[in-house]
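Source file: protein_33.cif (mmCIF, C-alpha atoms)
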```
data_entry
#
loop_
_atom_site.label_atom_id
_atom_site.label_comp_id
_atom_site.auth_asym_id
_atom_site.auth_seq_id
_atom_site.Cartn_x
_atom_site.Cartn_y
_atom_site.Cartn_z
CA MET A 1 61.46 -64.66 104.03
CA THR A 2 63.85 -63.07 101.53
CA PRO A 3 64.00 -59.29 101.99
CA SER A 4 62.73 -57.46 98.92
CA TYR A 5 64.35 -54.14 99.79
CA GLY A 6 67.93 -53.18 100.59
CA TRP A 7 69.18 -49.70 101.29
CA TYR A 8 72.55 -48.08 101.82
CA GLY A 9 72.50 -44.74 103.62
CA ASP A 10 75.28 -42.38 102.56
CA ASP A 11 75.29 -41.05 106.11
CA PHE A 12 73.92 -42.47 109.35
CA THR A 13 71.21 -39.86 109.93
CA GLY A 14 69.68 -40.54 106.53
CA ALA A 15 69.97 -44.27 107.01
CA THR A 16 67.97 -44.11 110.25
CA ASP A 17 65.32 -41.93 108.57
CA THR A 18 64.75 -44.72 106.03
CA LEU A 19 64.62 -47.26 108.87
CA ALA A 20 61.91 -45.17 110.54
CA THR A 21 60.03 -44.74 107.27
CA LEU A 22 59.92 -48.50 106.74
CA ALA A 23 58.84 -49.20 110.33
CA ARG A 24 56.03 -46.65 110.11
CA ARG A 25 54.83 -48.35 106.94
CA GLY A 26 54.53 -51.59 108.88
CA ARG A 27 57.64 -53.31 107.52
CA ARG A 28 60.15 -55.38 109.44
CA ALA A 29 63.44 -53.59 108.90
CA PHE A 30 66.86 -53.45 110.51
CA LEU A 31 69.91 -51.26 109.90
CA PHE A 32 73.42 -52.74 110.06
CA MET A 33 76.55 -50.67 110.55
CA ARG A 34 78.38 -52.62 107.84
CA VAL A 35 77.78 -55.69 105.70
CA PRO A 36 76.53 -58.09 108.38
CA GLU A 37 77.98 -61.40 109.38
CA PRO A 38 75.57 -64.34 108.93
CA GLN A 39 74.97 -64.61 112.68
CA GLN A 40 74.11 -60.90 112.91
CA LEU A 41 71.65 -61.24 110.05
CA ALA A 42 70.10 -64.18 111.86
CA GLN A 43 69.88 -62.20 115.14
CA ALA A 44 67.95 -59.43 113.39
CA GLY A 45 65.14 -61.89 112.63
CA ASP A 46 62.74 -62.21 109.71
CA LEU A 47 63.11 -59.00 107.69
CA GLU A 48 61.41 -57.39 104.71
CA ALA A 49 64.06 -54.68 104.39
CA VAL A 50 67.77 -54.65 105.24
CA GLY A 51 69.86 -51.51 105.53
CA ILE A 52 73.54 -50.67 105.76
CA ALA A 53 74.59 -47.34 107.25
CA GLY A 54 77.64 -45.79 105.65
CA ALA A 55 79.55 -42.57 105.26
CA ALA A 56 79.87 -42.30 101.48
CA ARG A 57 78.57 -38.74 101.57
CA ALA A 58 81.94 -37.63 102.97
CA MET A 59 84.13 -39.88 100.79
CA SER A 60 86.20 -39.36 97.67
CA PRO A 61 85.21 -41.28 94.50
CA ASP A 62 87.91 -43.91 95.02
CA GLU A 63 86.86 -44.39 98.65
CA MET A 64 83.21 -44.71 97.57
CA LYS A 65 84.01 -47.45 95.08
CA ILE A 66 85.86 -49.45 97.74
CA GLU A 67 83.02 -48.87 100.22
CA LEU A 68 80.16 -49.81 97.89
CA ALA A 69 81.51 -52.91 96.12
CA PRO A 70 80.87 -55.32 99.05
CA VAL A 71 77.53 -53.60 99.71
CA GLY A 72 76.34 -54.23 96.17
CA ALA A 73 77.55 -57.83 96.26
CA PHE A 74 75.79 -58.44 99.58
CA PHE A 75 72.44 -57.15 98.34
CA ARG A 76 72.74 -59.06 95.06
CA ASP A 77 73.41 -62.29 96.92
CA LEU A 78 70.55 -61.55 99.32
CA GLY A 79 68.17 -61.42 96.35
CA ILE A 80 66.62 -58.00 96.93
CA ARG A 81 64.31 -56.43 94.32
CA ILE A 82 65.16 -52.79 95.06
CA LEU A 83 68.68 -51.62 95.86
CA HIS A 84 68.20 -48.11 97.25
CA TYR A 85 71.15 -45.70 97.43
CA LYS A 86 69.77 -43.36 100.06
CA CYS A 87 71.23 -39.91 99.49
CA CYS A 88 70.36 -36.68 101.25
CA SER A 89 66.91 -35.34 100.37
CA THR A 90 68.64 -32.24 99.00
CA PHE A 91 71.00 -34.29 96.80
CA ASP A 92 73.98 -32.22 97.97
CA SER A 93 77.05 -33.79 96.46
CA ALA A 94 80.22 -32.69 94.69
CA PRO A 95 82.51 -34.31 92.10
CA GLU A 96 85.17 -35.12 94.71
CA ARG A 97 82.94 -35.57 97.77
CA GLY A 98 79.99 -37.94 98.11
CA ASN A 99 79.53 -38.10 94.34
CA ILE A 100 76.08 -39.57 93.69
CA ALA A 101 76.97 -40.43 90.09
CA VAL A 102 79.94 -42.48 91.29
CA ALA A 103 77.68 -44.31 93.75
CA ALA A 104 75.13 -45.12 91.05
CA GLU A 105 77.83 -46.44 88.72
CA ALA A 106 79.39 -48.54 91.49
CA LEU A 107 76.10 -50.18 92.51
CA HIS A 108 74.46 -50.52 89.10
CA GLU A 109 76.47 -53.61 88.18
CA TYR A 110 74.83 -55.53 91.03
CA VAL A 111 71.26 -55.24 89.71
CA ALA A 112 69.63 -56.63 86.58
CA HIS A 113 67.68 -53.60 85.37
CA GLU A 114 69.52 -51.42 82.85
CA THR A 115 67.88 -48.17 83.98
CA VAL A 116 68.39 -46.36 87.29
CA ALA A 117 65.33 -44.77 88.91
CA ILE A 118 65.97 -41.41 90.61
CA VAL A 119 63.26 -40.10 92.93
CA GLY A 120 63.67 -36.35 93.13
CA GLY A 121 61.53 -35.24 96.05
CA GLN A 122 60.30 -36.19 99.51
CA PRO A 123 57.13 -34.19 100.15
CA SER A 124 56.83 -35.52 103.71
CA LEU A 125 60.05 -33.63 104.52
CA GLY A 126 59.28 -30.50 102.56
CA ARG A 127 61.37 -31.52 99.53
CA TYR A 128 59.57 -30.94 96.24
CA CYS A 129 60.74 -31.81 92.73
CA ALA A 130 58.91 -30.12 89.84
CA PHE A 131 60.06 -30.35 86.22
CA SER A 132 63.33 -31.78 87.57
CA ASN A 133 63.99 -28.74 89.79
CA LEU A 134 64.32 -29.34 93.53
CA PHE A 135 62.78 -27.06 96.13
CA ALA A 136 63.16 -27.32 99.91
CA SER A 137 61.44 -25.79 102.90
CA PHE A 138 63.35 -23.75 105.45
CA GLY A 139 62.75 -22.85 109.07
CA ALA A 140 59.72 -23.06 111.31
CA GLY A 141 57.59 -21.09 108.86
CA GLY A 142 58.14 -23.66 106.15
CA ASP A 143 59.01 -21.15 103.42
CA VAL A 144 60.02 -23.02 100.27
CA PHE A 145 63.09 -22.08 98.22
CA ARG A 146 64.55 -23.35 95.00
CA LEU A 147 67.63 -25.24 96.07
CA ASP A 148 70.17 -22.86 94.53
CA ARG A 149 68.53 -20.05 96.53
CA HIS A 150 68.00 -21.99 99.74
CA PRO A 151 69.46 -20.14 102.76
CA THR A 152 71.32 -23.23 103.96
CA MET A 153 71.88 -25.58 101.05
CA SER A 154 73.12 -22.92 98.63
CA ARG A 155 75.84 -22.15 101.21
CA HIS A 156 76.60 -25.64 102.49
CA PRO A 157 80.23 -25.60 103.75
CA ALA A 158 81.21 -28.84 101.96
CA THR A 159 78.76 -29.34 99.09
CA PRO A 160 77.01 -26.04 98.23
CA MET A 161 74.12 -26.50 95.82
CA ASN A 162 74.35 -23.93 93.05
CA GLU A 163 72.11 -25.84 90.65
CA ALA A 164 68.47 -26.73 91.38
CA ASP A 165 67.86 -28.72 88.19
CA LEU A 166 68.76 -32.23 89.34
CA ARG A 167 69.47 -33.41 85.81
CA ARG A 168 72.04 -30.64 85.39
CA HIS A 169 73.42 -31.24 88.89
CA LEU A 170 73.85 -34.98 88.32
CA ALA A 171 75.30 -34.39 84.84
CA ALA A 172 77.99 -32.21 86.44
CA LEU A 173 78.78 -35.17 88.69
CA GLY A 174 79.12 -37.50 85.70
CA MET A 175 75.61 -38.95 85.18
CA GLN A 176 74.73 -37.91 81.63
CA ASP A 177 71.59 -38.20 79.49
CA ILE A 178 69.07 -38.53 82.30
CA GLY A 179 65.45 -38.84 81.20
CA ALA A 180 62.61 -37.35 83.22
CA ILE A 181 59.00 -38.10 84.09
CA HIS A 182 57.34 -34.92 85.31
CA TRP A 183 54.53 -34.48 87.78
CA PRO A 184 51.62 -33.84 85.34
CA LEU A 185 52.09 -37.36 83.98
CA LEU A 186 52.47 -38.83 87.48
CA ALA A 187 49.17 -37.22 88.46
CA GLY A 188 47.40 -39.13 85.69
CA ASP A 189 47.14 -42.67 84.40
CA SER A 190 49.58 -45.32 85.64
CA GLU A 191 49.75 -46.94 82.22
CA ALA A 192 50.95 -43.66 80.73
CA VAL A 193 53.69 -43.45 83.35
CA ALA A 194 54.77 -47.02 82.60
CA ALA A 195 54.75 -46.35 78.85
CA GLN A 196 56.89 -43.23 79.27
CA TRP A 197 59.35 -45.16 81.43
CA GLN A 198 59.62 -47.83 78.73
CA ARG A 199 60.26 -45.22 76.05
CA LEU A 200 62.89 -43.40 78.08
CA SER A 201 64.66 -46.52 79.34
CA LYS A 202 65.47 -47.57 75.78
CA THR A 203 68.06 -44.81 75.58
CA ALA A 204 68.41 -43.12 78.99
CA PRO A 205 70.67 -44.78 81.60
CA ALA A 206 68.61 -43.14 84.35
CA VAL A 207 65.16 -41.58 84.73
CA LEU A 208 64.38 -38.81 87.21
CA LEU A 209 60.87 -38.75 88.69
CA ASP A 210 59.27 -35.60 90.09
CA ALA A 211 57.47 -35.72 93.45
CA LEU A 212 55.33 -32.86 94.76
CA ASP A 213 52.72 -34.66 96.84
CA PRO A 214 51.85 -38.12 98.23
CA GLN A 215 49.89 -39.02 95.08
CA HIS A 216 53.04 -38.66 93.01
CA VAL A 217 54.92 -40.86 95.47
CA ASP A 218 52.16 -43.49 95.15
CA ALA A 219 52.45 -43.36 91.36
CA ILE A 220 56.21 -43.84 91.61
CA GLY A 221 55.62 -46.81 93.89
CA ARG A 222 53.41 -48.55 91.35
CA LEU A 223 56.15 -48.09 88.76
CA LEU A 224 58.92 -49.35 91.07
CA ARG A 225 56.99 -52.44 92.11
CA CYS A 226 56.39 -53.30 88.48
CA GLU A 227 59.90 -52.62 87.20
CA SER A 228 61.62 -54.37 90.13
CA ARG A 229 60.54 -57.76 88.88
CA ARG A 230 64.13 -57.54 87.70
CA SER A 231 66.29 -56.09 90.46
CA LEU A 232 66.45 -52.31 90.18
CA LEU A 233 68.72 -49.56 91.49
CA ALA A 234 66.91 -46.54 92.91
CA VAL A 235 68.62 -43.32 94.01
CA GLY A 236 66.97 -40.77 96.27
CA PRO A 237 65.74 -39.95 99.76
CA SER A 238 63.43 -42.01 101.98
CA SER A 239 60.55 -41.36 99.59
CA VAL A 240 61.88 -44.40 97.69
CA ALA A 241 60.85 -46.54 100.68
CA GLN A 242 57.55 -44.66 101.03
CA ALA A 243 56.85 -45.38 97.37
CA PHE A 244 57.87 -49.02 97.16
CA PHE A 245 55.99 -50.25 100.22
CA GLU A 246 52.28 -49.63 100.49
CA GLU A 247 51.29 -48.50 103.96
CA ARG A 248 49.95 -50.99 106.47
CA GLU A 249 49.62 -51.18 110.24
CA PRO A 250 52.98 -50.59 111.97
CA VAL A 251 54.72 -53.58 113.51
CA ILE A 252 54.16 -53.55 117.29
CA ASN A 253 57.38 -54.31 119.13
CA PRO A 254 57.44 -55.62 122.72
CA PRO A 255 57.64 -52.88 125.37
CA LEU A 256 61.19 -51.91 126.20
CA ALA A 257 62.72 -51.50 129.62
CA LEU A 258 62.65 -47.99 131.03
CA VAL A 259 65.73 -45.89 130.33
CA ASP A 260 66.93 -43.31 132.81
CA GLY A 261 70.12 -41.53 133.77
CA PRO A 262 71.90 -38.64 132.09
CA VAL A 263 71.93 -37.95 128.36
CA LEU A 264 75.09 -37.20 126.40
CA ALA A 265 74.62 -35.03 123.32
CA PHE A 266 77.14 -33.93 120.71
CA ALA A 267 76.49 -31.22 118.11
CA GLY A 268 78.72 -30.83 115.08
CA SER A 269 76.23 -29.22 112.69
CA LEU A 270 76.47 -25.55 111.72
CA SER A 271 72.94 -25.32 110.31
CA PRO A 272 70.65 -22.54 111.58
CA THR A 273 68.09 -25.19 112.57
CA THR A 274 70.57 -26.92 114.86
CA ARG A 275 71.59 -23.63 116.43
CA VAL A 276 67.96 -22.90 117.31
CA GLN A 277 67.64 -26.38 118.83
CA LEU A 278 70.82 -25.93 120.87
CA ALA A 279 69.58 -22.63 122.24
CA ALA A 280 66.36 -24.33 123.32
CA ALA A 281 68.15 -27.25 125.04
CA ARG A 282 68.02 -25.60 128.46
CA SER A 283 68.08 -28.83 130.48
CA TYR A 284 71.62 -29.62 129.33
CA LYS A 285 74.92 -28.36 130.64
CA ARG A 286 76.54 -27.06 127.48
CA LEU A 287 80.29 -27.35 126.98
CA ALA A 288 81.70 -25.36 124.08
CA VAL A 289 84.40 -27.32 122.27
CA ASP A 290 86.89 -25.32 120.26
CA PRO A 291 87.55 -27.25 117.01
CA VAL A 292 91.14 -26.05 116.68
CA SER A 293 92.04 -27.05 120.25
CA LEU A 294 90.22 -30.35 119.86
CA LEU A 295 92.33 -31.20 116.82
CA SER A 296 95.67 -29.96 118.09
CA SER A 297 95.84 -30.51 121.85
CA ALA A 298 95.71 -33.80 123.72
CA ASP A 299 95.55 -31.83 126.97
CA ALA A 300 92.48 -29.94 125.76
CA ARG A 301 90.78 -33.21 124.81
CA GLU A 302 91.52 -34.70 128.22
CA ARG A 303 90.08 -31.65 129.98
CA ILE A 304 86.87 -31.95 127.99
CA VAL A 305 86.62 -35.68 128.76
CA ALA A 306 87.25 -35.21 132.48
CA LYS A 307 84.76 -32.37 132.79
CA THR A 308 82.07 -34.24 130.87
CA VAL A 309 82.54 -37.44 132.90
CA ALA A 310 82.31 -35.47 136.15
CA MET A 311 79.03 -33.84 135.11
CA LEU A 312 77.53 -37.13 133.92
CA ALA A 313 78.54 -38.72 137.23
CA HIS A 314 76.47 -36.04 138.98
CA GLY A 315 73.47 -36.97 136.84
CA GLU A 316 73.60 -33.91 134.62
CA HIS A 317 72.67 -33.99 130.94
CA VAL A 318 75.65 -32.76 128.91
CA MET A 319 75.71 -31.11 125.48
CA LEU A 320 79.13 -30.95 123.81
CA SER A 321 79.18 -28.58 120.87
CA THR A 322 81.76 -27.56 118.29
CA VAL A 323 79.22 -25.01 117.08
CA PRO A 324 79.83 -21.39 118.20
CA GLU A 325 76.76 -19.58 119.54
CA ALA A 326 77.17 -16.96 116.79
CA GLY A 327 79.22 -16.61 113.63
CA ASP A 328 81.18 -19.25 111.78
CA ALA A 329 83.33 -21.92 113.35
CA PRO A 330 87.10 -21.62 112.98
CA HIS A 331 88.26 -23.47 109.89
CA ALA A 332 88.98 -27.14 110.45
CA GLU A 333 89.03 -30.07 108.06
CA ALA A 334 85.61 -31.70 108.50
CA PRO A 335 86.71 -35.37 108.25
CA ASP A 336 89.50 -34.82 110.78
CA LEU A 337 87.21 -32.93 113.16
CA ALA A 338 84.51 -35.59 112.89
CA GLU A 339 87.02 -38.37 113.55
CA VAL A 340 88.53 -36.65 116.60
CA SER A 341 84.99 -35.92 117.85
CA ALA A 342 84.22 -39.64 117.53
CA VAL A 343 87.28 -40.57 119.61
CA LEU A 344 86.25 -37.98 122.20
CA VAL A 345 82.71 -39.40 122.58
CA ASP A 346 84.01 -42.98 122.65
CA THR A 347 86.47 -42.08 125.44
CA ILE A 348 83.75 -40.39 127.49
CA LEU A 349 81.43 -43.39 127.20
CA ARG A 350 84.20 -45.79 128.20
CA ARG A 351 84.72 -43.84 131.40
CA HIS A 352 81.03 -43.19 132.08
CA PRO A 353 78.53 -45.24 130.05
CA VAL A 354 75.12 -43.67 129.38
CA ARG A 355 71.93 -45.19 128.02
CA ARG A 356 70.91 -42.29 125.76
CA LEU A 357 73.00 -40.51 123.14
CA ALA A 358 72.02 -37.68 120.77
CA ILE A 359 74.17 -36.50 117.84
CA ALA A 360 73.55 -33.59 115.46
CA GLY A 361 75.25 -33.50 112.07
CA GLY A 362 75.34 -36.04 109.25
CA ASP A 363 79.10 -36.56 108.94
CA THR A 364 79.52 -36.24 112.71
CA SER A 365 76.88 -38.92 113.33
CA SER A 366 78.46 -41.31 110.86
CA ARG A 367 81.90 -41.02 112.43
CA ILE A 368 80.75 -41.23 116.05
CA VAL A 369 78.37 -44.16 115.60
CA GLY A 370 80.95 -45.95 113.49
CA ARG A 371 83.44 -45.57 116.34
CA LEU A 372 81.15 -46.84 119.09
CA GLY A 373 81.15 -50.46 117.98
CA TYR A 374 77.43 -51.00 117.39
CA TRP A 375 76.72 -53.70 114.84
CA GLY A 376 73.18 -52.58 114.15
CA LEU A 377 70.26 -50.28 114.88
CA GLY A 378 66.61 -51.20 115.26
CA TYR A 379 63.71 -48.77 115.16
CA HIS A 380 62.52 -47.42 118.50
CA SER A 381 60.34 -44.37 117.79
CA GLN A 382 59.88 -41.20 115.78
CA ILE A 383 60.67 -38.00 117.67
CA SER A 384 60.24 -35.44 114.87
CA ASN A 385 59.74 -35.34 111.13
CA GLY A 386 62.96 -36.70 109.64
CA VAL A 387 64.44 -37.67 113.04
CA ALA A 388 64.18 -41.17 114.48
CA ILE A 389 65.33 -42.76 117.70
CA SER A 390 67.09 -46.07 117.24
CA LEU A 391 67.85 -48.98 119.54
CA ALA A 392 71.54 -49.85 119.33
CA ARG A 393 72.78 -53.43 119.18
CA SER A 394 76.31 -54.13 120.34
CA ASP A 395 78.43 -57.00 121.64
CA ASP A 396 79.51 -54.59 124.40
CA ALA A 397 76.92 -54.98 127.18
CA SER A 398 77.38 -51.36 128.29
CA ARG A 399 76.32 -50.16 124.83
CA ASP A 400 73.77 -52.77 123.82
CA GLY A 401 70.26 -51.33 124.03
CA MET A 402 71.30 -47.67 124.05
CA LEU A 403 68.78 -45.21 122.64
CA VAL A 404 70.44 -43.16 119.91
CA MET A 405 69.04 -40.06 118.23
CA LEU A 406 70.82 -39.01 115.04
CA LYS A 407 69.73 -35.83 113.28
CA GLY A 408 70.82 -34.08 110.14
CA GLY A 409 71.51 -30.37 110.31
CA GLN A 410 68.16 -29.18 108.99
CA MET A 411 65.95 -31.76 110.67
CA GLY A 412 63.79 -31.64 113.76
CA HIS A 413 61.60 -29.22 115.71
CA GLU A 414 62.95 -26.56 118.05
CA GLN A 415 62.49 -28.59 121.26
CA LEU A 416 64.09 -31.73 119.82
CA PHE A 417 66.80 -32.19 122.45
CA GLU A 418 64.39 -31.43 125.27
CA SER A 419 61.95 -34.01 123.89
CA PHE A 420 64.70 -36.62 123.79
CA LEU A 421 65.06 -36.38 127.57
CA LYS A 422 61.54 -37.84 127.89
CA THR A 423 62.27 -40.76 125.57
CA GLY A 424 62.48 -44.16 127.20
CA ALA A 425 59.91 -43.54 129.92
CA SER A 426 57.27 -45.25 127.77
CA ARG A 427 56.77 -46.60 124.26
#
```
Representation of the structure as structure tokens:
Amino acid sequence: MTPSYGWYGDDFTGATDTLATLARRGRRAFLFMRVPEPQQLAQAGDLEAVGIAGAARAMSPDEMKIELAPVGAFFRDLGIRILHYKCCSTFDSAPERGNIAVAAEALHEYVAHETVAIVGGQPSLGRYCAFSNLFASFGAGGDVFRLDRHPTMSRHPATPMNEADLRRHLAALGMQDIGAIHWPLLAGDSEAVAAQWQRLSKTAPAVLLDALDPQHVDAIGRLLRCESRRSLLAVGPSSVAQAFFEEREPVINPPLALVDGPVLAFAGSLSPTTRVQLAAARSYKRLAVDPVSLLSSADARERIVAKTVAMLAHGEHVMLSTVPEAGDAPHAEAPDLAEVSAVLVDTILRRHPVRRLAIAGGDTSSRIVGRLGYWGLGYHSQISNGVAISLARSDDASRDGMLVMLKGGQMGHEQLFESFLKTGASR
């Protein structure tokens, strides 16, 4: 079977969310850590959807172009119908960091369709696009804010969102003249939606589609399935996968062996949601990691490694965190901190392998997982809305079959890390 769907996740947490979305819709999907070798593709089995997890969200435009060229060529040669650039559901991006317009331009040459489809919302995650403006829920109460007034996203440390109108936001990134199909039309007749797409695609290089509820996502799916008779580039969150594939019974995987032993967790996200989850993770021994010392002192890194290994050896669950319990973290360059954090986790696991690993933070997850030598991730289970648990595949026997939970800053319920401790006892 030739896969009809290929996705590239601009960070690892988002890539695993799409993997989970596809699995829950009954599709055979697998996520590779890079463009796979033929034997790895064969090992993954008969697939309907193939993913590649990346880190473009933290890259410069030149780095993104280098990253995405082989990805586009791979999916073109694979013969997919939809090439999905999976960006964050809040579209946070900046001209010089994770530029979505640069990604769309880089990948567009590998599909046949002239027009790029942009799906603006993901209602299942509390992301709503109305008249091209993006709104997002916040906190346990689910209050909804326009993105430029969102308590977290309007103040994001790397890519603050000061514009809620996605057409204006993407234009500032370099994607001009975007057409739009708004929700009143999506709530109506499919033929009218198709006719509007045809009118817009004659002149607009991209068309943004609202999404406020599951019916709008279904309407987008009918359009995508029709238009992807010629391969099509779609940009957006996991709602692209929800739209393209109609729901059917989930694929039942064979029961997995029980997983026990201590859990290693690493938190590099400053979001309020993550802080609440860390406070609730009472079953873990928490080690505060000072970012400045981590970056500057080999002795400090060795002390952290030794202490963590000793606690794991005693069967204790360990939570390493660069997140202060209150206030802002000391300034440190995010890519450097994420890379040193990745080396730290890799060193710990070499000295004391574990079977379960949890990581909080999009950029942090991408760097750490990229360092650990996995060649792919399969779907294991869903632990919370927007947070999946994956089954790692590696040529290193001590890391093959690890359960890995990757979560973005705003994702997951309060008891997320506590719930992860129960994962592996049963399917």
* **For CA of Leu337 (chain A) and CA of Val292 (chain A), the interatomic separation in Å (one decimal)** =>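 According to the coordinates, CA of Leu337 (chain A) and CA of Val292 (chain A) are separated by 8.7 Å.
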task = Run the PyMOL selection byres ((chain A and resi 262-277) around 8) mentally over the shown coordinates, then write out the matched residues as a count of residues only, using the chain letters and numbers from the document.
result = 43
Residue nearest Ala397 (chain A) - candidates A:Gly378, A:Gly373, A:Arg199, A:Met64, atoms counted: all atoms listed in the file: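 Of A:Gly378, A:Gly373, A:Arg199, A:Met64, the one nearest Ala397 (chain A) is A:Gly373, counting all atoms listed in the file.
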query = For this file, the PyMOL selection byres ((chain A and resi 31) around 8) selects which residues, as a VMD selection string?
reply = chain A and resid 15 to 16 19 29 to 30 32 to 33 50 to 53 376 to 378
Those same residues, written as a short mmCIF file (atom, residue, chain, number, x, y, z; two decimals), in the coordinates of the input with C-alpha atoms?
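Result saved to out_10.cif:
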```cif
data_model
loop_
_atom_site.label_atom_id
_atom_site.label_comp_id
_atom_site.auth_asym_id
_atom_site.auth_seq_id
_atom_site.Cartn_x
_atom_site.Cartn_y
_atom_site.Cartn_z
CA ALA A 15 69.97 -44.27 107.01
CA THR A 16 67.97 -44.11 110.25
CA LEU A 19 64.62 -47.26 108.87
CA ALA A 29 63.44 -53.59 108.90
CA PHE A 30 66.86 -53.45 110.51
CA PHE A 32 73.42 -52.74 110.06
CA MET A 33 76.55 -50.67 110.55
CA VAL A 50 67.77 -54.65 105.24
CA GLY A 51 69.86 -51.51 105.53
CA ILE A 52 73.54 -50.67 105.76
CA ALA A 53 74.59 -47.34 107.25
CA GLY A 376 73.18 -52.58 114.15
CA LEU A 377 70.26 -50.28 114.88
CA GLY A 378 66.61 -51.20 115.26
#
```
Using all atoms listed in the file, which residues of region 157-258 of chain A come within 7 Å of region 112-116 of chain A, and what is the closest atom pair for each, with the distance in Å to one decimal? Give it as a tab-separated table, sorted by chain and residue number.
```
residue	atom	partner	partner_atom	distance
A:Ser201	CA	A:Thr115	CA	5.9
A:Pro205	CA	A:Thr115	CA	5.0
A:Ala206	CA	A:Val116	CA	4.4
A:Val207	CA	A:Val116	CA	6.3
A:Arg230	CA	A:Ala112	CA	5.7
A:Ser231	CA	A:Ala112	CA	5.1
A:Leu232	CA	A:His113	CA	5.1
A:Leu233	CA	A:Val116	CA	5.3
A:Ala234	CA	A:Val116	CA	5.8
```
Write the residues you've just listed into a file as a PDB file, in the coordinates of the input, and include C-alpha atoms for each of them.
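Output (result.pdb):
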```pdb
ATOM      1  CA  SER A 201      64.660 -46.520  79.340  1.00  0.00           C
ATOM      2  CA  PRO A 205      70.670 -44.780  81.600  1.00  0.00           C
ATOM      3  CA  ALA A 206      68.610 -43.140  84.350  1.00  0.00           C
ATOM      4  CA  VAL A 207      65.160 -41.580  84.730  1.00  0.00           C
ATOM      5  CA  ARG A 230      64.130 -57.540  87.700  1.00  0.00           C
ATOM      6  CA  SER A 231      66.290 -56.090  90.460  1.00  0.00           C
ATOM      7  CA  LEU A 232      66.450 -52.310  90.180  1.00  0.00           C
ATOM      8  CA  LEU A 233      68.720 -49.560  91.490  1.00  0.00           C
ATOM      9  CA  ALA A 234      66.910 -46.540  92.910  1.00  0.00           C
TER      10      ALA A 234
END
```
- Item | Selection: 7 Å around region 170-184 of chain A, all atoms listed in the file, excl. self and same-chain fewer than 6 positions, as a VMD selection string | chain A and resid 94 to 95 99 101 130 to 131 200 204 to 211 216
### Message
One number please: CA of Ile304 (chain A) to CA of Ser394 (chain A), in Å, one decimal.
### Response
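It comes out at 25.7 Å.
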Evaluate the PyMOL selection byres ((chain A and resi 225) around 12) here and jot the selected residues down as an NGL selection string. :A and (4-5 or 81-82 or 117 or 194 or 218-224 or 226-232 or 234 or 240-246)
Nearest to Ala69 (chain A) among A:Glu105, A:Trp375, A:Ser366, A:Asp165, with distances taken over all atoms listed in the file: which residue is it?
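Smallest distance to Ala69 (chain A) is found for A:Glu105.
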Separating CA of Arg28 (chain A) from CA of Val217 (chain A), to the nearest tenth of an Å, is a gap of 20.8 Å
Nearest to Cys87 (chain A), restricted to only C-alpha atoms and choosing among A:Ser238, A:Thr347, A:Ser341, A:Ser296, comes out as A:Ser238
Please complete region 89-99 of chain A with N, CA and C atoms and give it back as a JSON list (two decimals), in the coordinates of the input.
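The file below, selection.json, is the result:
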```json
[["chain", "number", "residue", "atom", "x", "y", "z"],
["A", 89, "SER", "N", 68.11, -35.80, 101.08],
["A", 89, "SER", "CA", 66.91, -35.34, 100.37],
["A", 89, "SER", "C", 67.15, -34.07, 99.57],
["A", 90, "THR", "N", 68.28, -33.40, 99.80],
["A", 90, "THR", "CA", 68.64, -32.24, 99.00],
["A", 90, "THR", "C", 69.70, -32.56, 97.95],
["A", 91, "PHE", "N", 70.08, -33.82, 97.84],
["A", 91, "PHE", "CA", 71.00, -34.29, 96.80],
["A", 91, "PHE", "C", 72.34, -33.57, 96.83],
["A", 92, "ASP", "N", 72.71, -32.95, 97.95],
["A", 92, "ASP", "CA", 73.98, -32.22, 97.97],
["A", 92, "ASP", "C", 75.14, -33.20, 97.82],
["A", 93, "SER", "N", 75.99, -32.89, 96.88],
["A", 93, "SER", "CA", 77.05, -33.79, 96.46],
["A", 93, "SER", "C", 77.98, -32.98, 95.57],
["A", 94, "ALA", "N", 79.23, -33.38, 95.51],
["A", 94, "ALA", "CA", 80.22, -32.69, 94.69],
["A", 94, "ALA", "C", 81.06, -33.72, 93.95],
["A", 95, "PRO", "N", 81.73, -33.32, 92.86],
["A", 95, "PRO", "CA", 82.51, -34.31, 92.10],
["A", 95, "PRO", "C", 83.51, -35.09, 92.94],
["A", 96, "GLU", "N", 84.14, -34.45, 93.92],
["A", 96, "GLU", "CA", 85.17, -35.12, 94.71],
["A", 96, "GLU", "C", 84.72, -35.45, 96.12],
["A", 97, "ARG", "N", 83.42, -35.29, 96.41],
["A", 97, "ARG", "CA", 82.94, -35.57, 97.77],
["A", 97, "ARG", "C", 81.51, -36.10, 97.69],
["A", 98, "GLY", "N", 81.33, -37.36, 98.07],
["A", 98, "GLY", "CA", 79.99, -37.94, 98.11],
["A", 98, "GLY", "C", 79.30, -37.98, 96.76],
["A", 99, "ASN", "N", 80.05, -38.19, 95.71],
["A", 99, "ASN", "CA", 79.53, -38.10, 94.34],
["A", 99, "ASN", "C", 78.44, -39.14, 94.08]]
```
